[in-house]
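> As input, take entry_33.pdb (PDB, C-alpha atoms and all ligand atoms):
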```pdb
MODEL        1
ATOM      1  CA  MET A   1      -3.105  27.833 -12.147  1.00  0.00           C
ATOM      2  CA  ARG A   2      -3.946  30.022  -9.165  1.00  0.00           C
ATOM      3  CA  ARG A   3      -5.162  28.234  -6.056  1.00  0.00           C
ATOM      4  CA  LEU A   4      -6.769  29.487  -2.883  1.00  0.00           C
ATOM      5  CA  ILE A   5      -5.299  27.515   0.023  1.00  0.00           C
ATOM      6  CA  LEU A   6      -7.474  27.241   3.136  1.00  0.00           C
ATOM      7  CA  SER A   7      -7.218  25.271   6.349  1.00  0.00           C
ATOM      8  CA  ASP A   8      -8.873  24.901   9.739  1.00  0.00           C
ATOM      9  CA  ILE A   9     -12.077  26.774   8.910  1.00  0.00           C
ATOM     10  CA  HIS A  10     -13.632  25.168  11.994  1.00  0.00           C
ATOM     11  CA  ALA A  11     -17.246  26.131  11.256  1.00  0.00           C
ATOM     12  CA  ASN A  12     -16.483  29.857  11.419  1.00  0.00           C
ATOM     13  CA  LEU A  13     -18.773  31.185   8.678  1.00  0.00           C
ATOM     14  CA  GLU A  14     -18.013  34.872   9.303  1.00  0.00           C
ATOM     15  CA  ALA A  15     -14.268  34.272   8.849  1.00  0.00           C
ATOM     16  CA  LEU A  16     -14.805  32.120   5.757  1.00  0.00           C
ATOM     17  CA  GLU A  17     -17.031  34.738   4.114  1.00  0.00           C
ATOM     18  CA  ALA A  18     -14.472  37.473   4.803  1.00  0.00           C
ATOM     19  CA  VAL A  19     -11.707  35.367   3.260  1.00  0.00           C
ATOM     20  CA  LEU A  20     -13.784  34.631   0.151  1.00  0.00           C
ATOM     21  CA  ARG A  21     -14.607  38.331  -0.276  1.00  0.00           C
ATOM     22  CA  ASP A  22     -10.972  39.304   0.176  1.00  0.00           C
ATOM     23  CA  ALA A  23      -9.689  36.644  -2.232  1.00  0.00           C
ATOM     24  CA  GLN A  24     -12.337  37.176  -4.903  1.00  0.00           C
ATOM     25  CA  GLY A  25     -10.876  37.065  -8.421  1.00  0.00           C
ATOM     26  CA  THR A  26      -7.417  35.912  -7.323  1.00  0.00           C
ATOM     27  CA  TYR A  27      -7.806  32.131  -7.781  1.00  0.00           C
ATOM     28  CA  ASP A  28      -9.086  29.408 -10.114  1.00  0.00           C
ATOM     29  CA  GLU A  29      -9.677  26.595  -7.608  1.00  0.00           C
ATOM     30  CA  ILE A  30      -9.763  25.952  -3.871  1.00  0.00           C
ATOM     31  CA  LEU A  31      -7.756  23.489  -1.755  1.00  0.00           C
ATOM     32  CA  CYS A  32      -8.341  22.797   1.939  1.00  0.00           C
ATOM     33  CA  CYS A  33      -6.041  21.109   4.457  1.00  0.00           C
ATOM     34  CA  GLY A  34      -8.898  19.904   6.665  1.00  0.00           C
ATOM     35  CA  ASP A  35     -10.810  20.719   9.840  1.00  0.00           C
ATOM     36  CA  PHE A  36     -13.957  22.111   8.287  1.00  0.00           C
ATOM     37  CA  ALA A  37     -15.894  21.489  11.510  1.00  0.00           C
ATOM     38  CA  GLY A  38     -15.439  21.758  15.276  1.00  0.00           C
ATOM     39  CA  TYR A  39     -15.017  24.761  17.651  1.00  0.00           C
ATOM     40  CA  CYS A  40     -17.349  27.324  16.017  1.00  0.00           C
ATOM     41  CA  ALA A  41     -21.074  27.332  15.446  1.00  0.00           C
ATOM     42  CA  SER A  42     -21.782  27.144  11.687  1.00  0.00           C
ATOM     43  CA  PRO A  43     -20.772  23.615  10.677  1.00  0.00           C
ATOM     44  CA  ALA A  44     -23.693  22.954   8.307  1.00  0.00           C
ATOM     45  CA  GLU A  45     -23.212  26.237   6.415  1.00  0.00           C
ATOM     46  CA  VAL A  46     -19.454  25.686   6.058  1.00  0.00           C
ATOM     47  CA  ILE A  47     -19.858  22.066   4.907  1.00  0.00           C
ATOM     48  CA  ASP A  48     -22.577  23.078   2.459  1.00  0.00           C
ATOM     49  CA  TRP A  49     -20.214  25.600   0.918  1.00  0.00           C
ATOM     50  CA  ALA A  50     -17.257  23.191   0.941  1.00  0.00           C
ATOM     51  CA  ARG A  51     -19.156  20.413  -0.820  1.00  0.00           C
ATOM     52  CA  GLY A  52     -19.837  22.674  -3.777  1.00  0.00           C
ATOM     53  CA  ASN A  53     -16.642  24.680  -3.928  1.00  0.00           C
ATOM     54  CA  VAL A  54     -13.537  22.867  -2.696  1.00  0.00           C
ATOM     55  CA  ARG A  55     -11.629  20.997  -5.412  1.00  0.00           C
ATOM     56  CA  HIS A  56      -9.192  19.004  -3.232  1.00  0.00           C
ATOM     57  CA  ALA A  57      -9.363  18.459   0.522  1.00  0.00           C
ATOM     58  CA  VAL A  58      -8.076  16.161   3.245  1.00  0.00           C
ATOM     59  CA  ARG A  59      -9.702  15.345   6.562  1.00  0.00           C
ATOM     60  CA  GLY A  60      -8.656  16.947   9.835  1.00  0.00           C
ATOM     61  CA  ASN A  61      -8.732  15.366  13.286  1.00  0.00           C
ATOM     62  CA  HIS A  62     -11.861  17.416  14.146  1.00  0.00           C
ATOM     63  CA  ASP A  63     -13.578  16.258  10.955  1.00  0.00           C
ATOM     64  CA  ARG A  64     -12.947  12.671  12.048  1.00  0.00           C
ATOM     65  CA  GLY A  65     -14.099  13.473  15.580  1.00  0.00           C
ATOM     66  CA  CYS A  66     -17.324  15.107  14.378  1.00  0.00           C
ATOM     67  CA  ALA A  67     -18.005  12.270  11.923  1.00  0.00           C
ATOM     68  CA  GLY A  68     -17.592   9.798  14.779  1.00  0.00           C
ATOM     69  CA  THR A  69     -14.763   7.961  13.033  1.00  0.00           C
ATOM     70  CA  ALA A  70     -12.060   8.880  15.565  1.00  0.00           C
ATOM     71  CA  ASP A  71     -11.583   8.675  19.296  1.00  0.00           C
ATOM     72  CA  ILE A  72     -11.879  12.157  20.844  1.00  0.00           C
ATOM     73  CA  SER A  73     -10.773  11.270  24.374  1.00  0.00           C
ATOM     74  CA  ASP A  74      -7.515  13.195  23.846  1.00  0.00           C
ATOM     75  CA  PHE A  75      -9.386  16.404  22.887  1.00  0.00           C
ATOM     76  CA  ASN A  76      -9.529  19.045  25.621  1.00  0.00           C
ATOM     77  CA  LEU A  77     -12.934  19.636  27.223  1.00  0.00           C
ATOM     78  CA  PRO A  78     -14.119  22.609  25.096  1.00  0.00           C
ATOM     79  CA  ALA A  79     -13.053  20.790  21.916  1.00  0.00           C
ATOM     80  CA  ARG A  80     -14.890  17.660  23.046  1.00  0.00           C
ATOM     81  CA  VAL A  81     -18.049  19.636  23.863  1.00  0.00           C
ATOM     82  CA  ALA A  82     -17.924  21.342  20.452  1.00  0.00           C
ATOM     83  CA  THR A  83     -17.385  18.008  18.702  1.00  0.00           C
ATOM     84  CA  LEU A  84     -20.407  16.396  20.349  1.00  0.00           C
ATOM     85  CA  TRP A  85     -22.512  19.524  19.671  1.00  0.00           C
ATOM     86  CA  THR A  86     -21.461  19.472  15.988  1.00  0.00           C
ATOM     87  CA  ARG A  87     -22.351  15.788  15.729  1.00  0.00           C
ATOM     88  CA  SER A  88     -25.822  16.550  17.111  1.00  0.00           C
ATOM     89  CA  GLN A  89     -26.392  19.441  14.677  1.00  0.00           C
ATOM     90  CA  LEU A  90     -25.341  17.962  11.359  1.00  0.00           C
ATOM     91  CA  PRO A  91     -27.622  16.000   9.054  1.00  0.00           C
ATOM     92  CA  ARG A  92     -26.514  12.457   8.195  1.00  0.00           C
ATOM     93  CA  GLU A  93     -25.305  13.497   4.728  1.00  0.00           C
ATOM     94  CA  ASP A  94     -22.932  16.100   6.172  1.00  0.00           C
ATOM     95  CA  LEU A  95     -21.547  13.581   8.687  1.00  0.00           C
ATOM     96  CA  ASP A  96     -21.073  11.116   5.814  1.00  0.00           C
ATOM     97  CA  TRP A  97     -19.292  13.788   3.790  1.00  0.00           C
ATOM     98  CA  LEU A  98     -16.896  14.477   6.690  1.00  0.00           C
ATOM     99  CA  ALA A  99     -16.300  10.737   7.065  1.00  0.00           C
ATOM    100  CA  SER A 100     -15.566  10.425   3.349  1.00  0.00           C
ATOM    101  CA  LEU A 101     -12.756  12.988   3.318  1.00  0.00           C
ATOM    102  CA  PRO A 102      -9.435  11.297   2.495  1.00  0.00           C
ATOM    103  CA  ALA A 103      -6.518  11.007   4.900  1.00  0.00           C
ATOM    104  CA  GLY A 104      -3.572  12.974   3.580  1.00  0.00           C
ATOM    105  CA  PRO A 105      -1.396  13.201   1.704  1.00  0.00           C
ATOM    106  CA  VAL A 106      -3.521  13.835  -1.355  1.00  0.00           C
ATOM    107  CA  PHE A 107      -1.237  14.113  -4.363  1.00  0.00           C
ATOM    108  CA  ALA A 108      -1.877  16.222  -7.426  1.00  0.00           C
ATOM    109  CA  GLU A 109       0.434  16.971 -10.307  1.00  0.00           C
ATOM    110  CA  GLU A 110       2.205  19.893  -8.670  1.00  0.00           C
ATOM    111  CA  PHE A 111       1.519  19.615  -4.956  1.00  0.00           C
ATOM    112  CA  GLN A 112       0.628  17.438  -1.998  1.00  0.00           C
ATOM    113  CA  LEU A 113      -2.007  18.243   0.578  1.00  0.00           C
ATOM    114  CA  CYS A 114      -1.964  17.094   4.227  1.00  0.00           C
ATOM    115  CA  HIS A 115      -3.560  17.980   7.554  1.00  0.00           C
ATOM    116  CA  GLY A 116      -0.713  17.599  10.058  1.00  0.00           C
ATOM    117  CA  SER A 117       2.411  16.581   8.169  1.00  0.00           C
ATOM    118  CA  PRO A 118       3.289  14.542   5.083  1.00  0.00           C
ATOM    119  CA  ALA A 119       4.381  11.730   7.414  1.00  0.00           C
ATOM    120  CA  ASP A 120       1.489  11.761   9.905  1.00  0.00           C
ATOM    121  CA  GLU A 121      -1.898  13.472   9.582  1.00  0.00           C
ATOM    122  CA  ASP A 122      -2.012  14.170  13.330  1.00  0.00           C
ATOM    123  CA  GLU A 123       1.489  15.610  13.748  1.00  0.00           C
ATOM    124  CA  TYR A 124       1.825  19.249  14.872  1.00  0.00           C
ATOM    125  CA  LEU A 125       4.703  20.856  12.974  1.00  0.00           C
ATOM    126  CA  LEU A 126       5.633  23.492  15.514  1.00  0.00           C
ATOM    127  CA  SER A 127       9.416  23.623  15.078  1.00  0.00           C
ATOM    128  CA  SER A 128      12.152  23.304  12.477  1.00  0.00           C
ATOM    129  CA  SER A 129      13.513  20.200  14.201  1.00  0.00           C
ATOM    130  CA  LEU A 130      10.253  18.396  13.440  1.00  0.00           C
ATOM    131  CA  VAL A 131      10.226  19.591   9.832  1.00  0.00           C
ATOM    132  CA  GLU A 132      13.856  18.856   8.955  1.00  0.00           C
ATOM    133  CA  PRO A 133      13.511  15.056   8.645  1.00  0.00           C
ATOM    134  CA  LEU A 134      10.406  15.356   6.449  1.00  0.00           C
ATOM    135  CA  ASP A 135      12.247  16.053   3.193  1.00  0.00           C
ATOM    136  CA  GLU A 136      12.040  12.347   2.307  1.00  0.00           C
ATOM    137  CA  PHE A 137       8.219  12.640   2.441  1.00  0.00           C
ATOM    138  CA  MET A 138       8.227  15.641   0.115  1.00  0.00           C
ATOM    139  CA  LEU A 139       7.203  13.908  -3.110  1.00  0.00           C
ATOM    140  CA  ARG A 140       6.144  17.194  -4.738  1.00  0.00           C
ATOM    141  CA  PRO A 141       7.956  20.550  -4.718  1.00  0.00           C
ATOM    142  CA  VAL A 142       5.143  22.151  -2.707  1.00  0.00           C
ATOM    143  CA  CYS A 143       3.325  20.594   0.242  1.00  0.00           C
ATOM    144  CA  PHE A 144       0.454  22.273   2.088  1.00  0.00           C
ATOM    145  CA  VAL A 145      -0.353  21.483   5.723  1.00  0.00           C
ATOM    146  CA  GLY A 146      -2.655  22.868   8.418  1.00  0.00           C
ATOM    147  CA  HIS A 147      -3.428  21.631  11.947  1.00  0.00           C
ATOM    148  CA  THR A 148      -1.248  24.045  13.990  1.00  0.00           C
ATOM    149  CA  HIS A 149      -3.352  27.101  13.034  1.00  0.00           C
ATOM    150  CA  ILE A 150      -0.055  28.965  12.573  1.00  0.00           C
ATOM    151  CA  GLN A 151       0.524  30.667   9.230  1.00  0.00           C
ATOM    152  CA  GLY A 152       3.966  30.271   7.693  1.00  0.00           C
ATOM    153  CA  GLY A 153       6.157  27.374   6.702  1.00  0.00           C
ATOM    154  CA  TRP A 154       9.629  26.353   5.666  1.00  0.00           C
ATOM    155  CA  SER A 155      11.752  25.889   2.574  1.00  0.00           C
ATOM    156  CA  TRP A 156      14.532  23.390   2.094  1.00  0.00           C
ATOM    157  CA  GLN A 157      17.314  25.421   0.550  1.00  0.00           C
ATOM    158  CA  ARG A 158      20.980  24.788   0.001  1.00  0.00           C
ATOM    159  CA  GLY A 159      22.469  24.672   3.470  1.00  0.00           C
ATOM    160  CA  GLY A 160      19.292  23.784   5.308  1.00  0.00           C
ATOM    161  CA  LEU A 161      15.811  24.728   6.320  1.00  0.00           C
ATOM    162  CA  LEU A 162      14.636  28.333   6.127  1.00  0.00           C
ATOM    163  CA  PRO A 163      11.437  29.533   7.851  1.00  0.00           C
ATOM    164  CA  LEU A 164       8.877  31.510   5.800  1.00  0.00           C
ATOM    165  CA  SER A 165       7.348  34.475   7.571  1.00  0.00           C
ATOM    166  CA  ARG A 166       3.713  35.527   7.723  1.00  0.00           C
ATOM    167  CA  PRO A 167       2.496  39.138   7.465  1.00  0.00           C
ATOM    168  CA  ALA A 168       3.265  41.337  10.473  1.00  0.00           C
ATOM    169  CA  LEU A 169       0.242  42.662  12.411  1.00  0.00           C
ATOM    170  CA  THR A 170       0.497  45.921  10.440  1.00  0.00           C
ATOM    171  CA  GLU A 171       0.542  44.186   7.044  1.00  0.00           C
ATOM    172  CA  SER A 172      -2.151  42.378   5.100  1.00  0.00           C
ATOM    173  CA  GLU A 173       0.130  40.219   3.001  1.00  0.00           C
ATOM    174  CA  ARG A 174       3.567  38.687   2.568  1.00  0.00           C
ATOM    175  CA  ILE A 175       4.690  37.397  -0.827  1.00  0.00           C
ATOM    176  CA  VAL A 176       7.178  34.545  -1.253  1.00  0.00           C
ATOM    177  CA  ASP A 177       8.978  33.912  -4.563  1.00  0.00           C
ATOM    178  CA  LEU A 178       9.103  30.122  -4.978  1.00  0.00           C
ATOM    179  CA  ASP A 179      12.461  28.922  -6.285  1.00  0.00           C
ATOM    180  CA  PRO A 180      12.047  25.848  -8.552  1.00  0.00           C
ATOM    181  CA  ASP A 181      15.173  24.280  -6.983  1.00  0.00           C
ATOM    182  CA  TYR A 182      13.756  24.260  -3.458  1.00  0.00           C
ATOM    183  CA  LEU A 183      11.068  22.326  -1.605  1.00  0.00           C
ATOM    184  CA  TYR A 184       8.332  24.190   0.263  1.00  0.00           C
ATOM    185  CA  LEU A 185       6.171  23.137   3.181  1.00  0.00           C
ATOM    186  CA  ILE A 186       3.459  25.770   3.555  1.00  0.00           C
ATOM    187  CA  ASN A 187       0.791  26.337   6.187  1.00  0.00           C
ATOM    188  CA  PRO A 188      -1.855  28.834   5.014  1.00  0.00           C
ATOM    189  CA  GLY A 189      -2.867  29.430   8.638  1.00  0.00           C
ATOM    190  CA  SER A 190      -6.345  28.980  10.077  1.00  0.00           C
ATOM    191  CA  VAL A 191      -9.404  30.654   8.579  1.00  0.00           C
ATOM    192  CA  GLY A 192     -11.600  30.140  11.616  1.00  0.00           C
ATOM    193  CA  GLN A 193      -9.419  30.009  14.737  1.00  0.00           C
ATOM    194  CA  PRO A 194      -5.937  31.507  14.244  1.00  0.00           C
ATOM    195  CA  ARG A 195      -3.444  30.687  17.011  1.00  0.00           C
ATOM    196  CA  ASP A 196      -0.469  32.815  15.962  1.00  0.00           C
ATOM    197  CA  ARG A 197      -1.436  35.848  18.054  1.00  0.00           C
ATOM    198  CA  ASP A 198      -3.049  37.521  15.061  1.00  0.00           C
ATOM    199  CA  PRO A 199      -6.845  37.228  15.274  1.00  0.00           C
ATOM    200  CA  ARG A 200      -7.370  38.029  11.595  1.00  0.00           C
ATOM    201  CA  ALA A 201      -8.496  35.135   9.369  1.00  0.00           C
ATOM    202  CA  ALA A 202      -5.544  33.558   7.539  1.00  0.00           C
ATOM    203  CA  TYR A 203      -5.214  32.094   4.067  1.00  0.00           C
ATOM    204  CA  ALA A 204      -2.801  31.816   1.154  1.00  0.00           C
ATOM    205  CA  VAL A 205      -2.942  32.103  -2.612  1.00  0.00           C
ATOM    206  CA  TRP A 206      -0.536  30.041  -4.706  1.00  0.00           C
ATOM    207  CA  ASP A 207       0.112  30.962  -8.329  1.00  0.00           C
ATOM    208  CA  SER A 208       2.040  27.969  -9.691  1.00  0.00           C
ATOM    209  CA  GLY A 209       2.629  29.593 -13.099  1.00  0.00           C
ATOM    210  CA  GLU A 210       4.168  32.742 -11.634  1.00  0.00           C
ATOM    211  CA  ARG A 211       5.764  30.759  -8.766  1.00  0.00           C
ATOM    212  CA  LEU A 212       4.335  33.115  -6.174  1.00  0.00           C
ATOM    213  CA  LEU A 213       2.893  32.316  -2.786  1.00  0.00           C
ATOM    214  CA  THR A 214       0.979  35.048  -0.965  1.00  0.00           C
ATOM    215  CA  PHE A 215       0.166  34.752   2.728  1.00  0.00           C
ATOM    216  CA  ARG A 216      -2.801  36.979   3.549  1.00  0.00           C
ATOM    217  CA  ARG A 217      -4.661  38.127   6.675  1.00  0.00           C
ATOM    218  CA  VAL A 218      -8.115  39.637   6.693  1.00  0.00           C
ATOM    219  CA  ARG A 219     -10.253  41.216   9.400  1.00  0.00           C
ATOM    220  CA  TYR A 220     -13.700  39.744   9.919  1.00  0.00           C
ATOM    221  CA  ASP A 221     -16.676  40.207  12.218  1.00  0.00           C
ATOM    222  CA  ILE A 222     -15.265  38.370  15.241  1.00  0.00           C
ATOM    223  CA  ARG A 223     -18.150  39.574  17.441  1.00  0.00           C
ATOM    224  CA  ALA A 224     -20.731  37.942  15.172  1.00  0.00           C
ATOM    225  CA  ALA A 225     -18.829  34.634  15.245  1.00  0.00           C
ATOM    226  CA  GLN A 226     -18.553  34.892  19.042  1.00  0.00           C
ATOM    227  CA  SER A 227     -22.289  35.596  19.457  1.00  0.00           C
ATOM    228  CA  ARG A 228     -23.147  32.583  17.354  1.00  0.00           C
ATOM    229  CA  ILE A 229     -20.888  30.375  19.533  1.00  0.00           C
ATOM    230  CA  LEU A 230     -22.471  31.679  22.747  1.00  0.00           C
ATOM    231  CA  GLU A 231     -26.030  31.403  21.400  1.00  0.00           C
ATOM    232  CA  ALA A 232     -25.340  27.782  20.507  1.00  0.00           C
ATOM    233  CA  GLY A 233     -24.392  27.156  24.138  1.00  0.00           C
ATOM    234  CA  LEU A 234     -20.810  26.235  23.258  1.00  0.00           C
ATOM    235  CA  PRO A 235     -18.022  26.903  25.820  1.00  0.00           C
ATOM    236  CA  GLU A 236     -17.283  30.637  26.322  1.00  0.00           C
ATOM    237  CA  LEU A 237     -13.572  29.995  25.923  1.00  0.00           C
ATOM    238  CA  LEU A 238     -14.155  29.103  22.265  1.00  0.00           C
ATOM    239  CA  ALA A 239     -15.676  32.555  21.691  1.00  0.00           C
ATOM    240  CA  GLU A 240     -13.095  34.447  23.762  1.00  0.00           C
ATOM    241  CA  ARG A 241     -10.022  32.970  22.092  1.00  0.00           C
ATOM    242  CA  LEU A 242     -11.064  34.284  18.665  1.00  0.00           C
ATOM    243  CA  ALA A 243     -10.378  37.839  19.820  1.00  0.00           C
ATOM    244  CA  PHE A 244      -6.808  37.015  20.817  1.00  0.00           C
ATOM    245  CA  GLY A 245      -5.810  34.735  17.985  1.00  0.00           C
ATOM    246  CA  ARG A 246      -4.663  31.968  20.283  1.00  0.00           C
TER     247      ARG A 246
HETATM  248 ZN    ZN B 301      -7.723  22.571  13.458  1.00  0.00          ZN
ENDMDL
END
```
Kindly return the structure encoded in the file as structure tokens.

Amino acid sequence: MRRLILSDIHANLEALEAVLRDAQGTYDEILCCGDFAGYCASPAEVIDWARGNVRHAVRGNHDRGCAGTADISDFNLPARVATLWTRSQLPREDLDWLASLPAGPVFAEEFQLCHGSPADEDEYLLSSSLVEPLDEFMLRPVCFVGHTHIQGGWSWQRGGLLPLSRPALTESERIVDLDPDYLYLINPGSVGQPRDRDPRAAYAVWDSGERLLTFRRVRYDIRAAQSRILEAGLPELLAERLAFGR
């Protein structure tokens, strides 16, 4: 089975379309680690697509915020503005769909799917020291997470934790051979608002039969996504940051 792994699309339709074009023909089903909405200006289009195309998904903190099922007082101001704008734009059925997304982890035969971490859906896994104690929560050999908007991950190998690297700025992909004896925690990166200093949309393809994981980056029309954000009257910062990937 070949799976397209997406996360943190954040209503960025231009980035999502570029990813789907780039990945065409390389996968059988789609998984998403949450945050379909928030930040960018095409929430209804992205949710429409997700409802018909994503096989397994978990909710993100922005999905809960937009659905009105979570407190957003700890969001920064631009995130809060975008959340309230999204809430005002979406039809009831889309808000209900966001509210119906499950909290992670979602378990399938071969993998588990989470937003933040397998222990806490809101945890930001930004360093090895935070990941190290999570091996007891790894109930499948492969676990996918999102939330940090940073492509990469870790593997538990003999002798400790080893980071997995994403493509360099000059590369479009990085392939990881998955060893059946190791555990893998993998972040596909953010489709719609990368924060790893690479503005290209991020995603991953996992071929469980061949035991291959491919991290990919793809250029998209950032200017079009920015214009849409500005036309919607959303904070300028949310448009600007897309160009820097942070
Ligand atoms: Zn996010």
> Once the PyMOL selection byres (((not hetatm)) within 9 of (chain B and resi 301)) has been applied to the shown file, what residues remain in the selection, as a list in words?
Ser7, Asp8, Ile9, His10, Gly34, Asp35, Phe36, Ala37, Gly38, Tyr39, Gly60, Asn61, His62, Asp63, His115, Gly146, His147, Thr148, His149, Ser190, Gly192 and Gln193 of chain A
> Would you mind listing, for every residue of range 53-155 of chain A within 10 Å of range 218-233 of chain A, the two atoms forming the shortest contact and the distance between them in Å to one decimal, using all atoms listed in the file, sorted by chain and ascending residue number, as a Markdown table?

```
| residue | atom | partner | partner_atom | distance |
| --- | --- | --- | --- | --- |
| A:Val81 | CA | A:Gly233 | CA | 9.8 |
| A:Ala82 | CA | A:Gly233 | CA | 9.4 |
| A:Trp85 | CA | A:Ala232 | CA | 8.8 |
```
> I need the residue set behind the PyMOL selection byres (((chain A and resi 134-136) around 10) and not hetatm) for this file; please write it as a PyMOL selection string.
chain A and resi 117-119+129-133+137-139+155-156+161+183-185
> Starting from the shown file, work through the PyMOL selection byres (((chain A and resi 201) around 9) and not hetatm) and note down what comes out as a VMD selection string.
chain A and resid 15 to 16 18 to 19 189 to 194 198 to 200 202 to 203 216 to 220
> Could you check the closest approach to Glu29 in chain A for each of A:Ser165, A:Asn53, A:Thr170, A:Asn12 and tell me which residue wins, using all atoms listed in the file?
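Among the listed residues, the smallest separation from Glu29 in chain A belongs to A:Asn53.
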> Would you kindly return, as a short mmCIF file (atom, residue, chain, number, x, y, z; two decimals) with C-alpha atoms, in the coordinates of the input, each protein, DNA or RNA residue with an atom no farther than 7 Å from any atom of range 70-79 of chain A, considering all atoms listed in the file and excluding same-chain residues fewer than 4 positions away?

```cif
data_model
loop_
_atom_site.label_atom_id
_atom_site.label_comp_id
_atom_site.auth_asym_id
_atom_site.auth_seq_id
_atom_site.Cartn_x
_atom_site.Cartn_y
_atom_site.Cartn_z
CA TYR A 39 -15.02 24.76 17.65
CA ARG A 64 -12.95 12.67 12.05
CA GLY A 65 -14.10 13.47 15.58
CA THR A 83 -17.39 18.01 18.70
CA PRO A 235 -18.02 26.90 25.82
#
```
> Kindly list the centre and edge lengths in Å, rounded to one decimal, for the axis-aligned box that covers all listed atoms of range 37-52 of chain A plus 3 Å on each of its six sides, as lines of an AutoDock Vina configuration file.

```
center_x = -19.4
center_y = 23.9
center_z = 6.9
size_x = 14.7
size_y = 12.9
size_z = 27.4
```
> One number please: CA of Gly104 in chain A to CA of Arg195 in chain A, in Å, one decimal.
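If I compute the distance from CA of Gly104 in chain A to CA of Arg195 in chain A, I get 22.2 Å.
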> Measure the distance from CA of Thr26 in chain A to CA of Ala243 in chain A in Å and round it to one decimal.
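The value is 27.4 Å.
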> Measure the distance from CA of Glu240 in chain A to CA of Arg80 in chain A in Å and round it to one decimal.
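Computed distance, CA of Glu240 in chain A to CA of Arg80 in chain A, equals 16.9 Å.
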> Which residue, A:Gln151, A:Cys143, A:Tyr27, A:Ala41, has the smallest gap to Leu238 in chain A when you use all atoms listed in the file?
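For Leu238 in chain A, the nearest of the candidates is A:Ala41.
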> Using all atoms listed in the file for the distances, tell me which of A:Ala44, A:Cys114, A:Ala57, A:Leu242 is nearest to Ser100 in chain A.
A:Ala57
> Pick out the residues sitting within 10 Å of Asp179 in chain A, and hand them over as JSON, numbers by chain; count all atoms listed in the file, and ignore anything fewer than 6 positions along from it in its own chain.
{"A": [141, 155, 157, 211, 212]}
> Find the residue from A:Ser127, A:Cys33, A:Glu45, A:Leu178 that sits nearest to Pro105 in chain A; use all atoms listed in the file when measuring.
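Closest to Pro105 in chain A of all the choices is A:Cys33.
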> Determine the nearest neighbour of Glu109 in chain A from the options A:Arg92, A:Gly152, A:Ser208, A:Cys40, counting only C-alpha atoms.
A:Ser208
> Need to verify the contact set: Arg3 in chain A, 7 Å, only C-alpha atoms, exclusion of same-chain residues closer than 5 positions in sequence. Can you return it as a VMD selection string?
chain A and resid 27 to 31 205 to 207
> Contacts of Arg87 in chain A at 8 Å or less, counting all atoms listed in the file, minus same-chain residues fewer than 6 places along, as a PyMOL selection string?
chain A and resi 66-68+95
